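Chemist: Contents of protein.csv (CSV, N, CA and C atoms) are below:
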chain,number,residue,atom,x,y,z
A,1,MET,N,136.0,123.8,47.4
A,1,MET,CA,135.7,122.7,48.3
A,1,MET,C,134.4,123.0,49.0
A,2,ALA,N,133.5,122.0,49.0
A,2,ALA,CA,132.2,122.2,49.7
A,2,ALA,C,132.3,122.2,51.2
A,3,GLN,N,131.6,123.0,51.9
A,3,GLN,CA,131.7,123.1,53.3
A,3,GLN,C,130.8,122.0,53.8
A,4,ARG,N,131.3,121.2,54.8
A,4,ARG,CA,130.5,120.2,55.4
A,4,ARG,C,129.6,120.7,56.5
A,5,VAL,N,128.3,120.4,56.5
A,5,VAL,CA,127.4,120.9,57.4
A,5,VAL,C,126.9,119.7,58.3
A,6,HIS,N,126.8,119.9,59.6
A,6,HIS,CA,126.3,118.9,60.5
A,6,HIS,C,125.0,119.4,61.2
A,7,LYS,N,124.1,118.5,61.4
A,7,LYS,CA,122.9,118.8,62.2
A,7,LYS,C,123.2,119.0,63.6
A,8,TRP,N,122.6,120.0,64.2
A,8,TRP,CA,122.9,120.3,65.7
A,8,TRP,C,122.6,119.1,66.5
A,9,ASP,N,121.5,118.4,66.2
A,9,ASP,CA,121.1,117.2,67.0
A,9,ASP,C,122.3,116.2,67.0
A,10,ASP,N,123.0,116.1,65.9
A,10,ASP,CA,124.1,115.1,65.8
A,10,ASP,C,125.4,115.5,66.6
A,11,VAL,N,125.5,116.8,66.9
A,11,VAL,CA,126.8,117.2,67.5
A,11,VAL,C,126.6,117.8,68.9
A,12,LYS,N,125.4,118.1,69.3
A,12,LYS,CA,125.2,118.8,70.6
A,12,LYS,C,125.6,118.0,71.8
A,13,GLY,N,125.6,116.7,71.7
A,13,GLY,CA,125.9,115.9,72.8
A,13,GLY,C,127.4,115.6,73.0
A,14,ARG,N,128.2,116.0,72.0
A,14,ARG,CA,129.7,115.7,72.1
A,14,ARG,C,130.3,116.5,73.2
A,15,SER,N,131.3,115.9,73.8
A,15,SER,CA,132.0,116.6,74.9
A,15,SER,C,132.6,117.9,74.5
A,16,SER,N,132.4,118.9,75.4
A,16,SER,CA,133.0,120.2,75.1
A,16,SER,C,134.5,120.2,75.1
A,17,LYS,N,135.1,119.1,75.7
A,17,LYS,CA,136.5,119.0,75.7
A,17,LYS,C,137.1,118.8,74.3
A,18,LEU,N,136.3,118.5,73.3
A,18,LEU,CA,136.8,118.3,72.0
A,18,LEU,C,137.2,119.6,71.3
A,19,LEU,N,136.6,120.7,71.8
A,19,LEU,CA,136.9,122.0,71.2
A,19,LEU,C,137.5,123.0,72.3
A,20,PRO,N,138.4,123.8,71.9
A,20,PRO,CA,138.9,124.8,72.8
A,20,PRO,C,137.7,125.8,73.0
A,21,GLU,N,137.7,126.4,74.2
A,21,GLU,CA,136.6,127.3,74.6
A,21,GLU,C,136.3,128.4,73.6
A,22,GLU,N,137.3,129.0,73.0
A,22,GLU,CA,137.1,130.0,72.0
A,22,GLU,C,136.4,129.5,70.8
A,23,ILE,N,136.8,128.4,70.3
A,23,ILE,CA,136.1,127.8,69.1
A,23,ILE,C,134.7,127.4,69.4
A,24,GLU,N,134.5,126.8,70.6
A,24,GLU,CA,133.1,126.5,71.0
A,24,GLU,C,132.2,127.7,71.1
A,25,ARG,N,132.7,128.8,71.7
A,25,ARG,CA,131.9,130.0,71.8
A,25,ARG,C,131.6,130.6,70.4
A,26,GLU,N,132.5,130.6,69.5
A,26,GLU,CA,132.3,131.1,68.1
A,26,GLU,C,131.3,130.2,67.4
A,27,ALA,N,131.4,128.9,67.6
A,27,ALA,CA,130.4,128.0,66.9
A,27,ALA,C,129.0,128.2,67.5
A,28,LEU,N,128.9,128.4,68.8
A,28,LEU,CA,127.6,128.7,69.3
A,28,LEU,C,127.0,130.0,68.9
A,29,ARG,N,127.9,131.0,68.8
A,29,ARG,CA,127.5,132.3,68.3
A,29,ARG,C,127.0,132.2,66.8
A,30,GLU,N,127.7,131.5,66.0
A,30,GLU,CA,127.3,131.3,64.6
A,30,GLU,C,126.0,130.5,64.6
A,31,LEU,N,125.8,129.6,65.4
A,31,LEU,CA,124.5,128.8,65.5
A,31,LEU,C,123.4,129.8,65.8
A,32,ASP,N,123.6,130.6,66.8
A,32,ASP,CA,122.6,131.6,67.2
A,32,ASP,C,122.3,132.5,66.0
A,33,GLN,N,123.3,133.0,65.3
A,33,GLN,CA,123.1,133.8,64.2
A,33,GLN,C,122.3,133.1,63.1
A,34,GLU,N,122.6,131.8,62.9
A,34,GLU,CA,121.8,131.1,61.9
A,34,GLU,C,120.3,131.1,62.3
A,35,ILE,N,120.1,130.9,63.6
A,35,ILE,CA,118.7,130.8,64.1
A,35,ILE,C,118.0,132.2,63.9
A,36,ILE,N,118.8,133.3,64.2
A,36,ILE,CA,118.2,134.6,64.1
A,36,ILE,C,117.9,134.9,62.6
A,37,GLU,N,118.7,134.4,61.7
A,37,GLU,CA,118.5,134.7,60.3
A,37,GLU,C,117.5,133.7,59.6
A,38,GLY,N,116.9,132.8,60.4
A,38,GLY,CA,115.9,131.9,59.8
A,38,GLY,C,114.7,132.6,59.4
A,39,ASP,N,113.8,131.9,58.7
A,39,ASP,CA,112.5,132.4,58.3
A,39,ASP,C,111.4,131.6,58.9
A,40,LEU,N,110.2,131.9,58.5
A,40,LEU,CA,109.0,131.1,59.1
A,40,LEU,C,109.0,129.7,58.7
A,41,ARG,N,109.5,129.4,57.5
A,41,ARG,CA,109.6,128.0,57.1
A,41,ARG,C,110.6,127.3,58.0
A,42,ALA,N,111.7,127.9,58.4
A,42,ALA,CA,112.7,127.3,59.3
A,42,ALA,C,112.0,127.0,60.7
A,43,VAL,N,111.2,128.0,61.1
A,43,VAL,CA,110.5,127.8,62.4
A,43,VAL,C,109.5,126.6,62.3
A,44,ARG,N,108.8,126.5,61.2
A,44,ARG,CA,107.9,125.4,61.0
A,44,ARG,C,108.6,124.1,61.0
A,45,GLU,N,109.7,124.0,60.2
A,45,GLU,CA,110.5,122.8,60.1
A,45,GLU,C,111.2,122.5,61.5
A,46,ALA,N,111.6,123.5,62.2
A,46,ALA,CA,112.2,123.2,63.6
A,46,ALA,C,111.1,122.5,64.5
A,47,ALA,N,109.9,122.9,64.2
A,47,ALA,CA,108.8,122.2,65.0
A,47,ALA,C,108.5,120.8,64.5
A,48,GLY,N,109.1,120.5,63.4
A,48,GLY,CA,108.9,119.1,62.8
A,48,GLY,C,107.6,119.0,62.1
A,49,LEU,N,107.1,120.1,61.5
A,49,LEU,CA,105.8,120.0,60.9
A,49,LEU,C,105.8,120.4,59.4
A,50,ASN,N,104.9,119.8,58.6
A,50,ASN,CA,104.8,120.2,57.2
A,50,ASN,C,103.7,121.3,57.2
A,51,GLN,N,103.5,121.9,56.0
A,51,GLN,CA,102.6,123.0,55.9
A,51,GLN,C,101.1,122.6,56.3
A,52,VAL,N,100.7,121.5,56.0
A,52,VAL,CA,99.4,121.0,56.3
A,52,VAL,C,99.2,120.9,57.8
A,53,GLU,N,100.1,120.3,58.5
A,53,GLU,CA,100.1,120.2,59.9
A,53,GLU,C,100.1,121.5,60.6
A,54,ALA,N,101.0,122.4,60.2
A,54,ALA,CA,101.1,123.7,60.8
A,54,ALA,C,99.8,124.5,60.5
A,55,ALA,N,99.2,124.4,59.3
A,55,ALA,CA,98.0,125.1,59.0
A,55,ALA,C,96.9,124.6,60.0
A,56,LYS,N,96.8,123.4,60.2
A,56,LYS,CA,95.7,122.9,61.1
A,56,LYS,C,95.9,123.5,62.5
A,57,LEU,N,97.1,123.5,63.0
A,57,LEU,CA,97.4,124.0,64.4
A,57,LEU,C,97.1,125.5,64.4
A,58,ALA,N,97.4,126.2,63.4
A,58,ALA,CA,97.2,127.7,63.4
A,58,ALA,C,95.9,128.1,62.9
A,59,GLU,N,95.0,127.1,62.6
A,59,GLU,CA,93.7,127.4,62.1
A,59,GLU,C,93.7,128.2,60.8
A,60,MET,N,94.6,127.8,59.9
A,60,MET,CA,94.8,128.4,58.6
A,60,MET,C,94.6,127.3,57.5
A,61,THR,N,94.6,127.8,56.3
A,61,THR,CA,94.7,126.8,55.2
A,61,THR,C,96.2,126.6,54.8
A,62,ARG,N,96.5,125.5,54.1
A,62,ARG,CA,97.9,125.3,53.7
A,62,ARG,C,98.3,126.4,52.8
A,63,GLY,N,97.4,127.0,52.0
A,63,GLY,CA,97.8,128.1,51.1
A,63,GLY,C,98.1,129.3,51.9
A,64,GLU,N,97.4,129.6,53.0
A,64,GLU,CA,97.7,130.7,53.9
A,64,GLU,C,99.1,130.6,54.5
A,65,VAL,N,99.4,129.4,54.9
A,65,VAL,CA,100.7,129.1,55.5
A,65,VAL,C,101.8,129.3,54.5
A,66,SER,N,101.6,128.8,53.3
A,66,SER,CA,102.6,129.0,52.2
A,66,SER,C,102.8,130.5,51.9
A,67,ARG,N,101.7,131.3,51.8
A,67,ARG,CA,101.9,132.7,51.6
A,67,ARG,C,102.6,133.4,52.7
A,68,LEU,N,102.2,133.0,53.9
A,68,LEU,CA,102.9,133.6,55.1
A,68,LEU,C,104.4,133.3,55.1
A,69,GLU,N,104.7,132.1,54.8
A,69,GLU,CA,106.2,131.8,54.8
A,69,GLU,C,106.9,132.5,53.7
A,70,ASN,N,106.3,133.0,52.7
A,70,ASN,CA,106.9,133.6,51.5
A,70,ASN,C,106.8,135.2,51.6
A,71,ARG,N,106.2,135.7,52.6
A,71,ARG,CA,106.1,137.1,52.7
A,71,ARG,C,107.4,137.8,53.2
A,72,ASP,N,107.5,139.1,53.0
A,72,ASP,CA,108.6,139.8,53.5
A,72,ASP,C,108.2,140.8,54.6
A,73,ASP,N,106.9,140.9,54.8
A,73,ASP,CA,106.3,141.8,55.8
A,73,ASP,C,105.2,141.1,56.5
A,74,TYR,N,105.2,141.2,57.8
A,74,TYR,CA,104.2,140.5,58.6
A,74,TYR,C,103.6,141.4,59.7
A,75,ARG,N,102.3,141.0,60.0
A,75,ARG,CA,101.7,141.7,61.2
A,75,ARG,C,102.2,140.9,62.4
A,76,LEU,N,102.5,141.6,63.5
A,76,LEU,CA,103.0,140.9,64.7
A,76,LEU,C,101.9,139.9,65.2
A,77,SER,N,100.6,140.3,65.1
A,77,SER,CA,99.6,139.4,65.6
A,77,SER,C,99.6,138.1,64.8
A,78,THR,N,99.8,138.1,63.5
A,78,THR,CA,99.9,136.9,62.7
A,78,THR,C,101.1,136.1,63.0
A,79,LEU,N,102.2,136.8,63.2
A,79,LEU,CA,103.4,136.0,63.6
A,79,LEU,C,103.2,135.3,64.9
A,80,ARG,N,102.7,136.1,65.9
A,80,ARG,CA,102.5,135.5,67.2
A,80,ARG,C,101.6,134.3,67.2
A,81,ARG,N,100.5,134.4,66.4
A,81,ARG,CA,99.5,133.3,66.3
A,81,ARG,C,100.2,132.1,65.7
A,82,PHE,N,100.9,132.3,64.6
A,82,PHE,CA,101.6,131.2,63.9
A,82,PHE,C,102.6,130.5,64.8
A,83,VAL,N,103.5,131.3,65.4
A,83,VAL,CA,104.6,130.8,66.3
A,83,VAL,C,104.0,130.0,67.5
A,84,GLN,N,102.9,130.6,68.1
A,84,GLN,CA,102.3,130.0,69.3
A,84,GLN,C,101.6,128.7,68.9
A,85,ALA,N,101.0,128.6,67.7
A,85,ALA,CA,100.4,127.4,67.2
A,85,ALA,C,101.4,126.3,67.1
A,86,LEU,N,102.6,126.7,66.8
A,86,LEU,CA,103.7,125.7,66.6
A,86,LEU,C,104.3,125.3,68.0
A,87,GLY,N,103.8,125.9,69.0
A,87,GLY,CA,104.4,125.6,70.4
A,87,GLY,C,105.5,126.5,70.8
A,88,GLY,N,105.7,127.6,70.0
A,88,GLY,CA,106.8,128.5,70.4
A,88,GLY,C,106.3,129.8,71.0
A,89,ARG,N,107.2,130.7,71.2
A,89,ARG,CA,106.9,132.0,71.8
A,89,ARG,C,107.6,133.1,71.0
A,90,LEU,N,106.9,134.1,70.6
A,90,LEU,CA,107.5,135.2,69.8
A,90,LEU,C,108.1,136.2,70.7
A,91,GLU,N,109.3,136.7,70.4
A,91,GLU,CA,109.9,137.7,71.1
A,91,GLU,C,110.4,138.8,70.1
A,92,VAL,N,110.2,140.1,70.5
A,92,VAL,CA,110.7,141.1,69.6
A,92,VAL,C,111.7,141.9,70.4
A,93,ILE,N,112.9,142.1,69.8
A,93,ILE,CA,114.0,142.7,70.4
A,93,ILE,C,114.4,143.9,69.6
A,94,ALA,N,114.5,145.1,70.2
A,94,ALA,CA,114.9,146.3,69.5
A,94,ALA,C,116.4,146.6,69.9
A,95,HIS,N,117.2,146.9,69.0
A,95,HIS,CA,118.6,147.3,69.2
A,95,HIS,C,118.7,148.8,68.8
A,96,VAL,N,119.0,149.6,69.8
A,96,VAL,CA,119.1,151.1,69.5
A,96,VAL,C,120.5,151.5,70.1
A,97,GLY,N,121.4,151.9,69.2
A,97,GLY,CA,122.7,152.2,69.7
A,97,GLY,C,123.3,151.0,70.4
A,98,ASP,N,123.8,151.2,71.7
A,98,ASP,CA,124.3,150.1,72.5
A,98,ASP,C,123.3,149.5,73.4
A,99,LYS,N,122.1,149.9,73.2
A,99,LYS,CA,121.0,149.4,74.1
A,99,LYS,C,120.2,148.3,73.4
A,100,THR,N,119.7,147.3,74.2
A,100,THR,CA,118.9,146.2,73.7
A,100,THR,C,117.7,146.2,74.5
A,101,VAL,N,116.5,146.2,73.9
A,101,VAL,CA,115.2,146.2,74.6
A,101,VAL,C,114.3,145.1,74.1
A,102,LYS,N,113.9,144.2,75.0
A,102,LYS,CA,113.0,143.2,74.6
A,102,LYS,C,111.6,143.8,74.9
A,103,LEU,N,110.8,143.9,73.8
A,103,LEU,CA,109.5,144.5,73.9
A,103,LEU,C,108.5,143.6,74.6
A,104,ARG,N,107.7,144.1,75.5
A,104,ARG,CA,106.7,143.4,76.2
A,104,ARG,C,105.5,143.1,75.4
A,105,GLY,N,104.7,142.2,75.8
A,105,GLY,CA,103.4,141.9,75.1
A,105,GLY,C,103.5,141.3,73.7
A,106,MET,N,104.6,140.7,73.4
A,106,MET,CA,104.8,140.1,72.1
A,106,MET,C,104.5,138.7,72.2
When written as structure tokens, how does the structure in this file appear?
Modeler:
Amino acid sequence: MAQRVHKWDDVKGRSSKLLPEEIEREALRELDQEIIEGDLRAVREAAGLNQVEAAKLAEMTRGEVSRLENRDDYRLSTLRRFVQALGGRLEVIAHVGDKTVKLRGM
């Protein structure tokens, strides 16, 4: 059986009374995980832009945006420039043992 997927915009306004607290927390945790596991294409699409529009904002060519979205390794300065051009903010978080550190200057 195929899993039914809903867009967040379609369900976010529903009353929290529809779900028990535990289920709602788990759903939000899964949503956060999906966001964490997204790629640069997902970032661009979340901004509502196609590659040509994103390229213009980031002062890149469409081909550069395409290559950037398909890379496995990025320079932080390139990521920051791309995300900021889309109106976002880049954060880098390091998890070491039971400690979490948000790196400054990102």
Chemist: Given only N, CA and C atoms as the basis, pick out the residue of A:Arg104, A:Val43, A:Glu91, A:Asn50 nearest to A:Arg62.
Modeler: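 Checking each candidate against A:Arg62, we get A:Asn50 as the closest.
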Chemist: Compute the distance from (101.0, 121.8, 58.6) to each atom, counting only C-alpha atoms, keep the residues with any atom at most 12 Å away, and return them as a list in words; use the coordinates of the file.
Modeler: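 Those within range, by chain then number, are Arg41, Val43, Arg44, Glu45, Ala47, Gly48, Leu49, Asn50, Gln51, Val52, Glu53, Ala54, Ala55, Lys56, Leu57, Ala58, Glu59, Met60, Thr61, Arg62, Gly63, Glu64, Val65, Ser66, Glu69, Phe82, Ala85 and Leu86 of chain A.
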Chemist: Could you state the separation of atom CA of A:Arg80 and atom CA of A:Val101 in Å, given to one decimal place?
Modeler: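 These two atoms are separated by 18.2 Å.
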Chemist: Could you jot down the atom CA of A:Arg89 to atom C of A:Leu76 separation for me, Å, one decimal place?
Modeler: 11.4 Å
Chemist: Mind pulling up the distance from atom CA of A:Ile23 to atom CA of A:Thr100?
Modeler: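 These two atoms are separated by 25.6 Å.
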